[in-house]
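For reference, my_file_32.cif (mmCIF, C-alpha atoms):
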data_work
#
loop_
_atom_site.group_PDB
_atom_site.id
_atom_site.type_symbol
_atom_site.label_atom_id
_atom_site.label_comp_id
_atom_site.auth_asym_id
_atom_site.auth_seq_id
_atom_site.Cartn_x
_atom_site.Cartn_y
_atom_site.Cartn_z
ATOM 1 C CA MET A 101 -9.012 -16.250 0.831
ATOM 2 C CA GLN A 102 -10.449 -14.668 -2.297
ATOM 3 C CA ILE A 103 -10.168 -10.913 -2.831
ATOM 4 C CA LEU A 104 -13.104 -9.219 -4.566
ATOM 5 C CA GLU A 105 -12.917 -5.591 -5.702
ATOM 6 C CA GLU A 106 -15.617 -5.184 -8.338
ATOM 7 C CA LEU A 107 -19.363 -5.560 -8.698
ATOM 8 C CA PRO A 108 -21.238 -7.760 -9.245
ATOM 9 C CA LEU A 109 -20.171 -10.115 -6.491
ATOM 10 C CA SER A 110 -20.875 -13.817 -6.655
ATOM 11 C CA ILE A 111 -20.800 -15.403 -3.194
ATOM 12 C CA LYS A 112 -22.984 -18.225 -1.957
ATOM 13 C CA ASN A 113 -24.298 -18.837 1.570
ATOM 14 C CA SER A 114 -22.403 -16.021 3.262
ATOM 15 C CA ALA A 115 -21.809 -14.861 6.822
ATOM 16 C CA VAL A 116 -20.775 -11.206 6.614
ATOM 17 C CA CYS A 117 -19.204 -8.677 8.950
ATOM 18 C CA ILE A 118 -19.423 -5.196 7.527
ATOM 19 C CA GLY A 119 -17.773 -1.880 8.419
ATOM 20 C CA LYS A 120 -14.597 0.130 7.796
ATOM 21 C CA PHE A 121 -12.290 -2.157 9.827
ATOM 22 C CA ASP A 122 -9.502 0.394 9.832
ATOM 23 C CA GLY A 123 -7.868 -0.920 12.973
ATOM 24 C CA PHE A 124 -8.947 -4.539 13.498
ATOM 25 C CA HIS A 125 -9.081 -3.435 17.141
ATOM 26 C CA LEU A 126 -10.834 -5.298 19.958
ATOM 27 C CA GLY A 127 -14.167 -3.731 19.050
ATOM 28 C CA HIS A 128 -13.840 -4.965 15.475
ATOM 29 C CA MET A 129 -12.762 -8.380 16.717
ATOM 30 C CA ARG A 130 -16.162 -8.895 18.339
ATOM 31 C CA LEU A 131 -17.776 -8.653 14.906
ATOM 32 C CA ILE A 132 -15.088 -10.738 13.291
ATOM 33 C CA ARG A 133 -15.276 -13.593 15.799
ATOM 34 C CA SER A 134 -19.064 -13.627 15.569
ATOM 35 C CA VAL A 135 -18.846 -14.239 11.823
ATOM 36 C CA LEU A 136 -15.953 -16.696 11.964
ATOM 37 C CA ASN A 137 -18.005 -18.879 14.306
ATOM 38 C CA HIS A 138 -20.274 -19.588 11.326
ATOM 39 C CA THR A 139 -18.071 -22.301 9.917
ATOM 40 C CA GLU A 140 -20.775 -23.735 7.625
ATOM 41 C CA GLU A 141 -21.037 -20.485 5.629
ATOM 42 C CA ASN A 142 -18.547 -18.609 3.471
ATOM 43 C CA THR A 143 -17.169 -15.996 5.839
ATOM 44 C CA VAL A 144 -16.879 -12.517 4.357
ATOM 45 C CA ILE A 145 -15.275 -9.328 5.625
ATOM 46 C CA PHE A 146 -16.864 -6.395 3.808
ATOM 47 C CA SER A 147 -14.675 -3.290 4.114
ATOM 48 C CA LEU A 148 -16.247 0.070 3.245
ATOM 49 C CA ARG A 149 -13.376 2.385 4.126
ATOM 50 C CA ASN A 150 -11.989 5.091 1.869
ATOM 51 C CA GLU A 151 -8.409 4.110 1.057
ATOM 52 C CA GLN A 152 -7.377 7.769 0.740
ATOM 53 C CA ASN A 153 -8.160 8.568 4.385
ATOM 54 C CA GLU A 154 -5.655 8.262 7.210
ATOM 55 C CA SER A 155 -5.609 4.676 8.422
ATOM 56 C CA LEU A 156 -3.936 2.497 11.006
ATOM 57 C CA PHE A 157 -3.371 -0.291 8.522
ATOM 58 C CA THR A 158 -2.975 -0.360 4.761
ATOM 59 C CA LEU A 159 -5.208 -2.456 2.554
ATOM 60 C CA LYS A 160 -2.371 -4.962 2.189
ATOM 61 C CA GLU A 161 -2.119 -5.193 5.984
ATOM 62 C CA GLN A 162 -5.907 -5.522 6.357
ATOM 63 C CA ARG A 163 -5.951 -8.399 3.920
ATOM 64 C CA ARG A 164 -3.064 -10.089 5.693
ATOM 65 C CA MET A 165 -4.955 -10.005 8.991
ATOM 66 C CA ALA A 166 -8.158 -11.257 7.366
ATOM 67 C CA ARG A 167 -6.282 -14.115 5.711
ATOM 68 C CA GLN A 168 -4.604 -15.083 8.985
ATOM 69 C CA LEU A 169 -7.978 -15.094 10.727
ATOM 70 C CA GLY A 170 -9.383 -17.495 8.145
ATOM 71 C CA PHE A 171 -11.939 -15.517 6.128
ATOM 72 C CA SER A 172 -13.205 -16.975 2.863
ATOM 73 C CA TYR A 173 -13.564 -13.599 1.132
ATOM 74 C CA PHE A 174 -12.286 -10.049 1.525
ATOM 75 C CA VAL A 175 -14.471 -7.471 -0.240
ATOM 76 C CA SER A 176 -13.303 -3.894 -0.792
ATOM 77 C CA PHE A 177 -13.642 -1.332 -3.568
ATOM 78 C CA LYS A 178 -11.146 1.145 -4.999
ATOM 79 C CA ASP A 179 -14.099 3.393 -5.864
ATOM 80 C CA LEU A 180 -16.912 3.490 -3.322
ATOM 81 C CA SER A 181 -19.053 6.002 -5.223
ATOM 82 C CA GLN A 182 -21.379 3.343 -6.631
ATOM 83 C CA ILE A 183 -21.864 1.810 -3.195
ATOM 84 C CA TYR A 184 -22.476 5.168 -1.505
ATOM 85 C CA ALA A 185 -24.914 6.226 -4.226
ATOM 86 C CA MET A 186 -27.158 3.209 -3.645
ATOM 87 C CA ASP A 187 -30.333 3.514 -1.663
ATOM 88 C CA ALA A 188 -29.906 1.622 1.609
ATOM 89 C CA GLU A 189 -32.637 -0.908 0.816
ATOM 90 C CA GLU A 190 -31.171 -1.428 -2.660
ATOM 91 C CA PHE A 191 -27.778 -2.153 -1.077
ATOM 92 C CA ILE A 192 -29.345 -4.798 1.173
ATOM 93 C CA GLN A 193 -31.254 -6.540 -1.582
ATOM 94 C CA THR A 194 -28.863 -6.179 -4.528
ATOM 95 C CA ILE A 195 -25.464 -6.509 -2.859
ATOM 96 C CA LEU A 196 -26.003 -8.446 0.346
ATOM 97 C CA VAL A 197 -28.922 -10.706 -0.574
ATOM 98 C CA ASP A 198 -28.689 -11.205 -4.350
ATOM 99 C CA GLN A 199 -24.906 -11.072 -4.791
ATOM 100 C CA CYS A 200 -23.755 -12.457 -1.439
ATOM 101 C CA ASP A 201 -26.602 -14.884 -0.749
ATOM 102 C CA LEU A 202 -26.679 -13.511 2.792
ATOM 103 C CA SER A 203 -27.341 -15.923 5.637
ATOM 104 C CA TYR A 204 -25.870 -14.003 8.592
ATOM 105 C CA ILE A 205 -24.645 -10.448 9.069
ATOM 106 C CA CYS A 206 -22.936 -8.757 11.984
ATOM 107 C CA ALA A 207 -22.351 -5.012 12.383
ATOM 108 C CA GLY A 208 -21.615 -2.434 15.051
ATOM 109 C CA LYS A 209 -24.485 -0.391 16.435
ATOM 110 C CA ASP A 210 -23.239 2.823 14.783
ATOM 111 C CA PHE A 211 -22.803 1.326 11.315
ATOM 112 C CA ARG A 212 -24.269 3.459 8.493
ATOM 113 C CA PHE A 213 -24.568 2.705 4.779
ATOM 114 C CA GLY A 214 -26.347 3.739 1.614
ATOM 115 C CA ASN A 215 -27.037 7.091 0.012
ATOM 116 C CA GLY A 216 -26.921 9.847 2.622
ATOM 117 C CA ARG A 217 -25.905 7.246 5.229
ATOM 118 C CA LYS A 218 -29.605 6.566 5.755
ATOM 119 C CA GLY A 219 -29.157 2.840 6.271
ATOM 120 C CA ASP A 220 -28.415 1.524 9.751
ATOM 121 C CA VAL A 221 -28.549 -1.666 11.785
ATOM 122 C CA LYS A 222 -32.252 -1.128 12.510
ATOM 123 C CA LEU A 223 -32.965 -1.330 8.790
ATOM 124 C CA LEU A 224 -30.796 -4.447 8.495
ATOM 125 C CA GLN A 225 -32.825 -6.034 11.292
ATOM 126 C CA GLN A 226 -36.147 -4.938 9.802
ATOM 127 C CA LYS A 227 -35.354 -6.572 6.466
ATOM 128 C CA SER A 228 -33.976 -9.789 7.935
ATOM 129 C CA SER A 229 -37.329 -11.602 8.026
ATOM 130 C CA ARG A 230 -38.221 -10.643 4.472
ATOM 131 C CA PHE A 231 -34.914 -11.801 3.034
ATOM 132 C CA GLY A 232 -34.285 -14.715 5.382
ATOM 133 C CA TYR A 233 -31.019 -13.761 7.059
ATOM 134 C CA GLN A 234 -29.999 -13.323 10.679
ATOM 135 C CA CYS A 235 -28.731 -9.918 11.812
ATOM 136 C CA VAL A 236 -26.658 -9.470 14.970
ATOM 137 C CA VAL A 237 -25.640 -6.088 16.368
ATOM 138 C CA VAL A 238 -22.480 -6.101 18.455
ATOM 139 C CA GLU A 239 -22.015 -3.764 21.405
ATOM 140 C CA ASP A 240 -18.956 -1.545 21.754
ATOM 141 C CA ARG A 241 -15.838 -2.787 23.490
ATOM 142 C CA ILE A 242 -15.034 -0.558 26.483
ATOM 143 C CA HIS A 243 -11.541 0.224 27.771
ATOM 144 C CA GLN A 244 -11.018 2.434 30.816
ATOM 145 C CA GLY A 245 -14.601 3.639 30.642
ATOM 146 C CA GLU A 246 -14.545 4.664 26.972
ATOM 147 C CA ARG A 247 -15.433 3.020 23.685
ATOM 148 C CA ILE A 248 -12.539 1.548 21.715
ATOM 149 C CA SER A 249 -12.484 3.131 18.267
ATOM 150 C CA SER A 250 -9.998 3.543 15.434
ATOM 151 C CA THR A 251 -9.800 7.265 16.210
ATOM 152 C CA ARG A 252 -8.900 6.539 19.808
ATOM 153 C CA VAL A 253 -6.201 4.068 18.755
ATOM 154 C CA LYS A 254 -4.788 6.593 16.256
ATOM 155 C CA ASN A 255 -4.599 9.290 18.910
ATOM 156 C CA ALA A 256 -2.749 6.980 21.293
ATOM 157 C CA LEU A 257 -0.377 5.971 18.488
ATOM 158 C CA LYS A 258 0.385 9.583 17.571
ATOM 159 C CA ASP A 259 1.084 10.247 21.254
ATOM 160 C CA GLY A 260 3.572 7.378 21.256
ATOM 161 C CA ASP A 261 1.634 5.375 23.850
ATOM 162 C CA LEU A 262 2.385 1.921 22.453
ATOM 163 C CA ASN A 263 1.155 0.164 25.595
ATOM 164 C CA GLU A 264 -2.277 1.709 25.154
ATOM 165 C CA VAL A 265 -2.254 0.955 21.430
ATOM 166 C CA THR A 266 -1.341 -2.690 22.036
ATOM 167 C CA THR A 267 -4.089 -3.013 24.638
ATOM 168 C CA MET A 268 -6.811 -1.626 22.358
ATOM 169 C CA LEU A 269 -5.648 -3.560 19.293
ATOM 170 C CA GLY A 270 -5.154 -6.771 21.229
ATOM 171 C CA ARG A 271 -1.704 -7.096 19.598
ATOM 172 C CA PRO A 272 1.202 -4.786 18.717
ATOM 173 C CA PHE A 273 0.845 -2.142 16.025
ATOM 174 C CA PHE A 274 2.786 -3.218 12.932
ATOM 175 C CA VAL A 275 4.031 -2.411 9.468
ATOM 176 C CA TYR A 276 3.789 -5.147 6.826
ATOM 177 C CA ASP A 277 5.407 -4.498 3.469
ATOM 178 C CA THR A 278 8.126 -5.495 1.040
ATOM 179 C CA VAL A 279 11.718 -4.734 2.031
ATOM 180 C CA LYS A 280 13.164 -2.158 -0.378
ATOM 181 C CA PRO A 281 16.828 -1.659 -1.338
ATOM 182 C CA GLY A 282 18.393 1.235 0.569
ATOM 183 C CA GLU A 283 21.636 3.186 0.407
ATOM 184 C CA GLN A 284 23.389 0.496 2.512
ATOM 185 C CA LEU A 285 24.969 3.087 4.795
ATOM 186 C CA GLY A 286 24.040 1.031 7.841
ATOM 187 C CA ARG A 287 26.057 -1.874 6.539
ATOM 188 C CA THR A 288 29.217 0.279 6.527
ATOM 189 C CA ILE A 289 28.962 0.885 10.287
ATOM 190 C CA GLY A 290 27.922 -2.633 11.252
ATOM 191 C CA PHE A 291 24.153 -2.121 11.337
ATOM 192 C CA PRO A 292 22.571 -3.321 8.078
ATOM 193 C CA THR A 293 18.893 -2.468 7.833
ATOM 194 C CA ALA A 294 15.702 -3.654 6.190
ATOM 195 C CA ASN A 295 14.129 -0.585 4.608
ATOM 196 C CA PHE A 296 10.433 0.106 4.195
ATOM 197 C CA SER A 297 8.688 2.968 2.409
ATOM 198 C CA LEU A 298 5.543 4.189 4.148
ATOM 199 C CA PRO A 299 2.364 5.471 2.484
ATOM 200 C CA SER A 300 1.611 9.057 3.482
ATOM 201 C CA ASN A 301 -1.825 8.150 4.859
ATOM 202 C CA LYS A 302 -0.646 5.384 7.217
ATOM 203 C CA CYS A 303 -0.880 6.550 10.826
ATOM 204 C CA MET A 304 2.450 6.100 12.617
ATOM 205 C CA PRO A 305 3.944 6.829 16.045
ATOM 206 C CA PRO A 306 6.239 9.856 16.538
ATOM 207 C CA HIS A 307 9.605 9.821 14.819
ATOM 208 C CA GLY A 308 12.133 7.932 16.884
ATOM 209 C CA VAL A 309 13.821 4.611 17.563
ATOM 210 C CA TYR A 310 11.712 1.659 18.664
ATOM 211 C CA GLY A 311 12.202 -1.876 19.898
ATOM 212 C CA VAL A 312 10.624 -4.213 17.341
ATOM 213 C CA LYS A 313 10.025 -7.867 16.550
ATOM 214 C CA ALA A 314 9.549 -9.736 13.276
ATOM 215 C CA GLU A 315 9.049 -13.304 12.144
ATOM 216 C CA ILE A 316 11.541 -14.260 9.453
ATOM 217 C CA GLY A 317 11.585 -17.813 8.178
ATOM 218 C CA LYS A 318 9.372 -19.064 11.033
ATOM 219 C CA LYS A 319 11.770 -17.643 13.618
ATOM 220 C CA PHE A 320 11.367 -14.461 15.647
ATOM 221 C CA TYR A 321 14.040 -11.795 15.538
ATOM 222 C CA TYR A 322 14.224 -8.684 17.695
ATOM 223 C CA GLY A 323 15.762 -5.418 16.725
ATOM 224 C CA MET A 324 15.521 -1.656 16.599
ATOM 225 C CA ALA A 325 13.719 0.472 14.071
ATOM 226 C CA ASN A 326 14.368 4.065 13.124
ATOM 227 C CA LEU A 327 11.209 5.837 12.015
ATOM 228 C CA GLY A 328 11.743 9.286 10.578
ATOM 229 C CA LEU A 329 13.847 11.454 8.307
ATOM 230 C CA ARG A 330 17.349 10.015 8.929
ATOM 231 C CA PRO A 331 18.745 13.501 9.674
ATOM 232 C CA THR A 332 22.361 12.347 10.128
ATOM 233 C CA VAL A 333 22.638 11.016 6.575
ATOM 234 C CA SER A 334 19.801 12.692 4.679
ATOM 235 C CA LYS A 335 18.469 16.206 4.110
ATOM 236 C CA GLY A 336 15.203 15.035 2.569
ATOM 237 C CA ASP A 337 11.699 15.090 4.010
ATOM 238 C CA ARG A 338 10.677 11.520 3.117
ATOM 239 C CA VAL A 339 9.664 9.447 6.139
ATOM 240 C CA THR A 340 11.158 5.965 6.119
ATOM 241 C CA LEU A 341 11.365 2.945 8.380
ATOM 242 C CA GLU A 342 14.752 1.264 8.768
ATOM 243 C CA VAL A 343 15.026 -1.892 10.864
ATOM 244 C CA HIS A 344 18.154 -3.601 12.142
ATOM 245 C CA PHE A 345 17.529 -7.131 13.386
ATOM 246 C CA LEU A 346 19.856 -8.518 16.026
ATOM 247 C CA ASP A 347 21.534 -11.827 15.179
ATOM 248 C CA TYR A 348 20.215 -11.914 11.595
ATOM 249 C CA SER A 349 22.575 -12.056 8.615
ATOM 250 C CA GLY A 350 20.462 -13.067 5.604
ATOM 251 C CA ASN A 351 19.232 -11.113 2.590
ATOM 252 C CA LEU A 352 15.777 -9.616 3.133
ATOM 253 C CA TYR A 353 15.389 -7.661 -0.119
ATOM 254 C CA ASN A 354 11.976 -8.111 -1.777
ATOM 255 C CA LYS A 355 10.662 -10.169 1.137
ATOM 256 C CA ASP A 356 7.350 -9.287 2.787
ATOM 257 C CA ILE A 357 7.934 -8.811 6.511
ATOM 258 C CA GLN A 358 5.709 -7.774 9.402
ATOM 259 C CA VAL A 359 7.464 -5.511 11.908
ATOM 260 C CA ASP A 360 5.761 -5.278 15.316
ATOM 261 C CA PHE A 361 6.373 -2.107 17.335
ATOM 262 C CA LEU A 362 7.002 -3.086 20.978
ATOM 263 C CA TYR A 363 8.237 0.005 22.847
ATOM 264 C CA PRO A 364 10.019 3.347 22.280
ATOM 265 C CA ILE A 365 13.773 3.605 22.864
ATOM 266 C CA ARG A 366 14.547 7.267 22.135
ATOM 267 C CA GLU A 367 13.703 10.219 19.894
ATOM 268 C CA GLU A 368 15.251 10.547 16.460
ATOM 269 C CA LYS A 369 18.396 12.665 16.577
ATOM 270 C CA LYS A 370 20.935 14.172 14.199
ATOM 271 C CA PHE A 371 24.505 13.139 15.043
ATOM 272 C CA ASP A 372 27.687 15.014 14.173
ATOM 273 C CA SER A 373 29.298 12.010 12.515
ATOM 274 C CA LEU A 374 28.737 8.407 11.462
ATOM 275 C CA GLU A 375 30.994 7.374 14.338
ATOM 276 C CA ALA A 376 28.691 9.084 16.830
ATOM 277 C CA LEU A 377 25.683 7.434 15.191
ATOM 278 C CA GLN A 378 27.412 4.054 15.365
ATOM 279 C CA HIS A 379 28.098 4.496 19.073
ATOM 280 C CA GLN A 380 24.448 5.339 19.733
ATOM 281 C CA LEU A 381 23.256 2.350 17.723
ATOM 282 C CA GLU A 382 25.461 0.123 19.850
ATOM 283 C CA MET A 383 23.757 1.576 22.940
ATOM 284 C CA ASP A 384 20.333 1.030 21.340
ATOM 285 C CA ALA A 385 21.197 -2.595 20.614
ATOM 286 C CA LYS A 386 22.146 -3.116 24.260
ATOM 287 C CA THR A 387 18.777 -1.656 25.283
ATOM 288 C CA VAL A 388 16.949 -4.116 23.037
ATOM 289 C CA LYS A 389 18.923 -7.082 24.356
ATOM 290 C CA LYS A 390 18.158 -6.097 27.958
ATOM 291 C CA THR A 391 14.508 -5.244 27.440
ATOM 292 C CA VAL A 392 13.030 -7.747 25.013
ATOM 293 C CA LYS A 393 12.193 -11.147 26.422
ATOM 294 C CA LYS A 394 12.739 -13.928 23.938
ATOM 295 C CA PRO A 395 9.977 -16.563 23.700
#
Could I get this file's structure written as structure tokens?
Amino acid sequence: MQILEELPLSIKNSAVCIGKFDGFHLGHMRLIRSVLNHTEENTVIFSLRNEQNESLFTLKEQRRMARQLGFSYFVSFKDLSQIYAMDAEEFIQTILVDQCDLSYICAGKDFRFGNGRKGDVKLLQQKSSRFGYQCVVVEDRIHQGERISSTRVKNALKDGDLNEVTTMLGRPFFVYDTVKPGEQLGRTIGFPTANFSLPSNKCMPPHGVYGVKAEIGKKFYYGMANLGLRPTVSKGDRVTLEVHFLDYSGNLYNKDIQVDFLYPIREEKKFDSLEALQHQLEMDAKTVKKTVKKP
């Protein structure tokens, strides 16, 4: 998959899905599958989200999902001002038709683009005959009587309702990043951890301990993750994610790992001593072993 971040683009014979794609939720997947069915064209995911806004998934995580799905191109821009300043018809002709050689485009019914957000799917459809592309508008995906949206998934995530989040995403919520060196305190009490730093704008569940799963070296490992401030060993206000994998003993530093959040175990808590923390971690590990079903 090629990553494109600057204009002009140079793509031939493209099938494009376009939107913000913050969550890659089941509503987004309708657009995505529609485009991926066009195997004779170069499949393109065109992301128009502002990277500074709160998001379910980072750009790195978005690209990982797009690559796994099999897209030919992932288009996003660090600075969207040029795109947003364009007249809607200019965006269609200059970007989609001239630079992407558009053959097929799929968007949600509420999609807006162009200066003043004046462009919509009706305009895309109106121009399709003139420029020789096919435009398909995908209906919303409904769950429990309401439209699935990134905002709805974020709200469920902030409430800690991982079952609802998993249902609307069609898969577990996850963090995908490079394992960073930590203080290695966990190793001293028998619970070494893989440590992840989290961007401030990534939406996360409430602070606490969670049952998690990760694929390491083509094998799945289960474990427990502490999301929060580490109050027993730290007085800082930096939110971190620390994951202890059961039955894993290798070195994970500088490896990119995807950690799937499966279910909550307990709230984050400050303990009076490392011994008390160790005892609780042993209880958490027993919970994981009892609860998680191995494939």
Please list, as a PDB file with C-alpha atoms, in the frame of the given file, the residues that have an atom at most 12 Å away from (25.6, 6.2, 18.4) in the coordinates of this file, counting all atoms listed in the file.
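Contents of result.pdb, freshly written:
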ATOM      1  CA  GLY A 286      24.040   1.031   7.841  1.00  0.00           C
ATOM      2  CA  ILE A 289      28.962   0.885  10.287  1.00  0.00           C
ATOM      3  CA  GLY A 290      27.922  -2.633  11.252  1.00  0.00           C
ATOM      4  CA  PHE A 291      24.153  -2.121  11.337  1.00  0.00           C
ATOM      5  CA  VAL A 309      13.821   4.611  17.563  1.00  0.00           C
ATOM      6  CA  THR A 332      22.361  12.347  10.128  1.00  0.00           C
ATOM      7  CA  ARG A 366      14.547   7.267  22.135  1.00  0.00           C
ATOM      8  CA  GLU A 368      15.251  10.547  16.460  1.00  0.00           C
ATOM      9  CA  LYS A 369      18.396  12.665  16.577  1.00  0.00           C
ATOM     10  CA  LYS A 370      20.935  14.172  14.199  1.00  0.00           C
ATOM     11  CA  PHE A 371      24.505  13.139  15.043  1.00  0.00           C
ATOM     12  CA  ASP A 372      27.687  15.014  14.173  1.00  0.00           C
ATOM     13  CA  SER A 373      29.298  12.010  12.515  1.00  0.00           C
ATOM     14  CA  LEU A 374      28.737   8.407  11.462  1.00  0.00           C
ATOM     15  CA  GLU A 375      30.994   7.374  14.338  1.00  0.00           C
ATOM     16  CA  ALA A 376      28.691   9.084  16.830  1.00  0.00           C
ATOM     17  CA  LEU A 377      25.683   7.434  15.191  1.00  0.00           C
ATOM     18  CA  GLN A 378      27.412   4.054  15.365  1.00  0.00           C
ATOM     19  CA  HIS A 379      28.098   4.496  19.073  1.00  0.00           C
ATOM     20  CA  GLN A 380      24.448   5.339  19.733  1.00  0.00           C
ATOM     21  CA  LEU A 381      23.256   2.350  17.723  1.00  0.00           C
ATOM     22  CA  GLU A 382      25.461   0.123  19.850  1.00  0.00           C
ATOM     23  CA  MET A 383      23.757   1.576  22.940  1.00  0.00           C
ATOM     24  CA  ASP A 384      20.333   1.030  21.340  1.00  0.00           C
ATOM     25  CA  ALA A 385      21.197  -2.595  20.614  1.00  0.00           C
ATOM     26  CA  LYS A 386      22.146  -3.116  24.260  1.00  0.00           C
TER      27      LYS A 386
END
Checklist entry - When the PyMOL selection byres ((chain A and resi 148) around 6) is applied to the file above, which residues end up in the set, as a ChimeraX atom specification? => result /A:119-120,147,149
Checklist entry - By how many Å are atom CA of Leu196 of chain A and atom CA of Ile103 of chain A apart? => result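 Result for atom CA of Leu196 of chain A versus atom CA of Ile103 of chain A: 16.3 Å, one decimal.
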Sorted by chain and rising residue number, list the residues of segment 270-321 of chain A at most 7 Å from segment 253-262 of chain A (counting only C-alpha atoms), each with its closest atom pair and distance in Å to one decimal, as JSON lines.
{"residue": "A:Cys303", "atom": "CA", "partner": "A:Lys254", "partner_atom": "CA", "distance": 6.7}
{"residue": "A:Met304", "atom": "CA", "partner": "A:Lys258", "partner_atom": "CA", "distance": 6.4}
{"residue": "A:Pro305", "atom": "CA", "partner": "A:Lys258", "partner_atom": "CA", "distance": 4.8}
{"residue": "A:Pro306", "atom": "CA", "partner": "A:Lys258", "partner_atom": "CA", "distance": 6.0}
Next on the checklist: Excluding segment 348-365 of chain A and its own-chain neighbours fewer than 6 positions away, which residues fall within 10 Å of it when counting only C-alpha atoms? Please give them as number ranges by chain.
Outcome noted: A: 161, 164, 260-263, 266, 271-282, 292-296, 305-317, 321-326, 341, 384-385, 387-388, 391-392
Take the residues that were just selected and, keeping C-alpha atoms, output them as a compact mmCIF listing (two decimals), in the frame of the given file.
# COMPACT_ATOMS: atom_id res chain seq x y z
CA GLU A 161 -2.12 -5.19 5.98
CA ARG A 164 -3.06 -10.09 5.69
CA GLY A 260 3.57 7.38 21.26
CA ASP A 261 1.63 5.38 23.85
CA LEU A 262 2.38 1.92 22.45
CA ASN A 263 1.16 0.16 25.60
CA THR A 266 -1.34 -2.69 22.04
CA ARG A 271 -1.70 -7.10 19.60
CA PRO A 272 1.20 -4.79 18.72
CA PHE A 273 0.84 -2.14 16.02
CA PHE A 274 2.79 -3.22 12.93
CA VAL A 275 4.03 -2.41 9.47
CA TYR A 276 3.79 -5.15 6.83
CA ASP A 277 5.41 -4.50 3.47
CA THR A 278 8.13 -5.50 1.04
CA VAL A 279 11.72 -4.73 2.03
CA LYS A 280 13.16 -2.16 -0.38
CA PRO A 281 16.83 -1.66 -1.34
CA GLY A 282 18.39 1.24 0.57
CA PRO A 292 22.57 -3.32 8.08
CA THR A 293 18.89 -2.47 7.83
CA ALA A 294 15.70 -3.65 6.19
CA ASN A 295 14.13 -0.58 4.61
CA PHE A 296 10.43 0.11 4.20
CA PRO A 305 3.94 6.83 16.05
CA PRO A 306 6.24 9.86 16.54
CA HIS A 307 9.60 9.82 14.82
CA GLY A 308 12.13 7.93 16.88
CA VAL A 309 13.82 4.61 17.56
CA TYR A 310 11.71 1.66 18.66
CA GLY A 311 12.20 -1.88 19.90
CA VAL A 312 10.62 -4.21 17.34
CA LYS A 313 10.02 -7.87 16.55
CA ALA A 314 9.55 -9.74 13.28
CA GLU A 315 9.05 -13.30 12.14
CA ILE A 316 11.54 -14.26 9.45
CA GLY A 317 11.58 -17.81 8.18
CA TYR A 321 14.04 -11.80 15.54
CA TYR A 322 14.22 -8.68 17.70
CA GLY A 323 15.76 -5.42 16.73
CA MET A 324 15.52 -1.66 16.60
CA ALA A 325 13.72 0.47 14.07
CA ASN A 326 14.37 4.07 13.12
CA LEU A 341 11.36 2.94 8.38
CA ASP A 384 20.33 1.03 21.34
CA ALA A 385 21.20 -2.60 20.61
CA THR A 387 18.78 -1.66 25.28
CA VAL A 388 16.95 -4.12 23.04
CA THR A 391 14.51 -5.24 27.44
CA VAL A 392 13.03 -7.75 25.01
Checklist entry - With all atoms listed in the file as the atoms that count, which of A:Phe157, A:Glu342, A:Ser203, A:Arg167 lies nearest to Asn113 of chain A? => result A:Ser203
Next on the checklist: On this structure, the PyMOL selection byres ((chain A and resi 170-183) around 6) would catch which residues? List them as a ChimeraX atom specification, sorted by chain and number.
Outcome noted: /A:101-105,142-147,166-169,184-186
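Our summary of the geometry notes that atom CA of Phe345 of chain A is positioned 14.5 Å from atom CA of Gln284 of chain A.
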Item to check | Residue among A:Met129, A:Ala207, A:Val343, A:Leu269 lying closest to Val116 of chain A, counting only C-alpha atoms | outcome: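 The answer is A:Ala207, which sits nearest to Val116 of chain A.
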Item to check | Hits from the PyMOL selection byres ((chain A and resi 111) around 7), listed as a PyMOL selection string | outcome: chain A and resi 109-110+112-114+199-201
For Asp187 of chain A, list every protein, DNA or RNA residue within 10 Å, evaluated using all atoms listed in the file, and leave out those in the same chain fewer than 6 positions away; present the list as a short mmCIF file (atom, residue, chain, number, x, y, z; two decimals) with C-alpha atoms, in the coordinates of the input.
data_model
loop_
_atom_site.label_atom_id
_atom_site.label_comp_id
_atom_site.auth_asym_id
_atom_site.auth_seq_id
_atom_site.Cartn_x
_atom_site.Cartn_y
_atom_site.Cartn_z
CA PHE A 213 -24.57 2.70 4.78
CA GLY A 214 -26.35 3.74 1.61
CA ASN A 215 -27.04 7.09 0.01
CA GLY A 216 -26.92 9.85 2.62
CA ARG A 217 -25.90 7.25 5.23
CA LYS A 218 -29.60 6.57 5.76
CA GLY A 219 -29.16 2.84 6.27
#
Next on the checklist: Between atom CA of Phe191 of chain A and atom CA of Ser155 of chain A, what distance in Å does the model show, to one decimal?
Outcome noted: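 Going from atom CA of Phe191 of chain A over to atom CA of Ser155 of chain A, I get 25.1 Å.
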Next on the checklist: When you count all atoms listed in the file, which of these residues is closest to Leu223 of chain A: A:Ser297, A:Thr194, A:Ala188, A:Leu159?
Outcome noted: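 Using all atoms listed in the file, the shortest distance to Leu223 of chain A belongs to A:Ala188.
The smallest atom-to-atom distance between Ile205 of chain A and any of A:Asn137, A:Thr251, A:Asn153, A:Thr158, using all atoms listed in the file, is found for A:Asn137.
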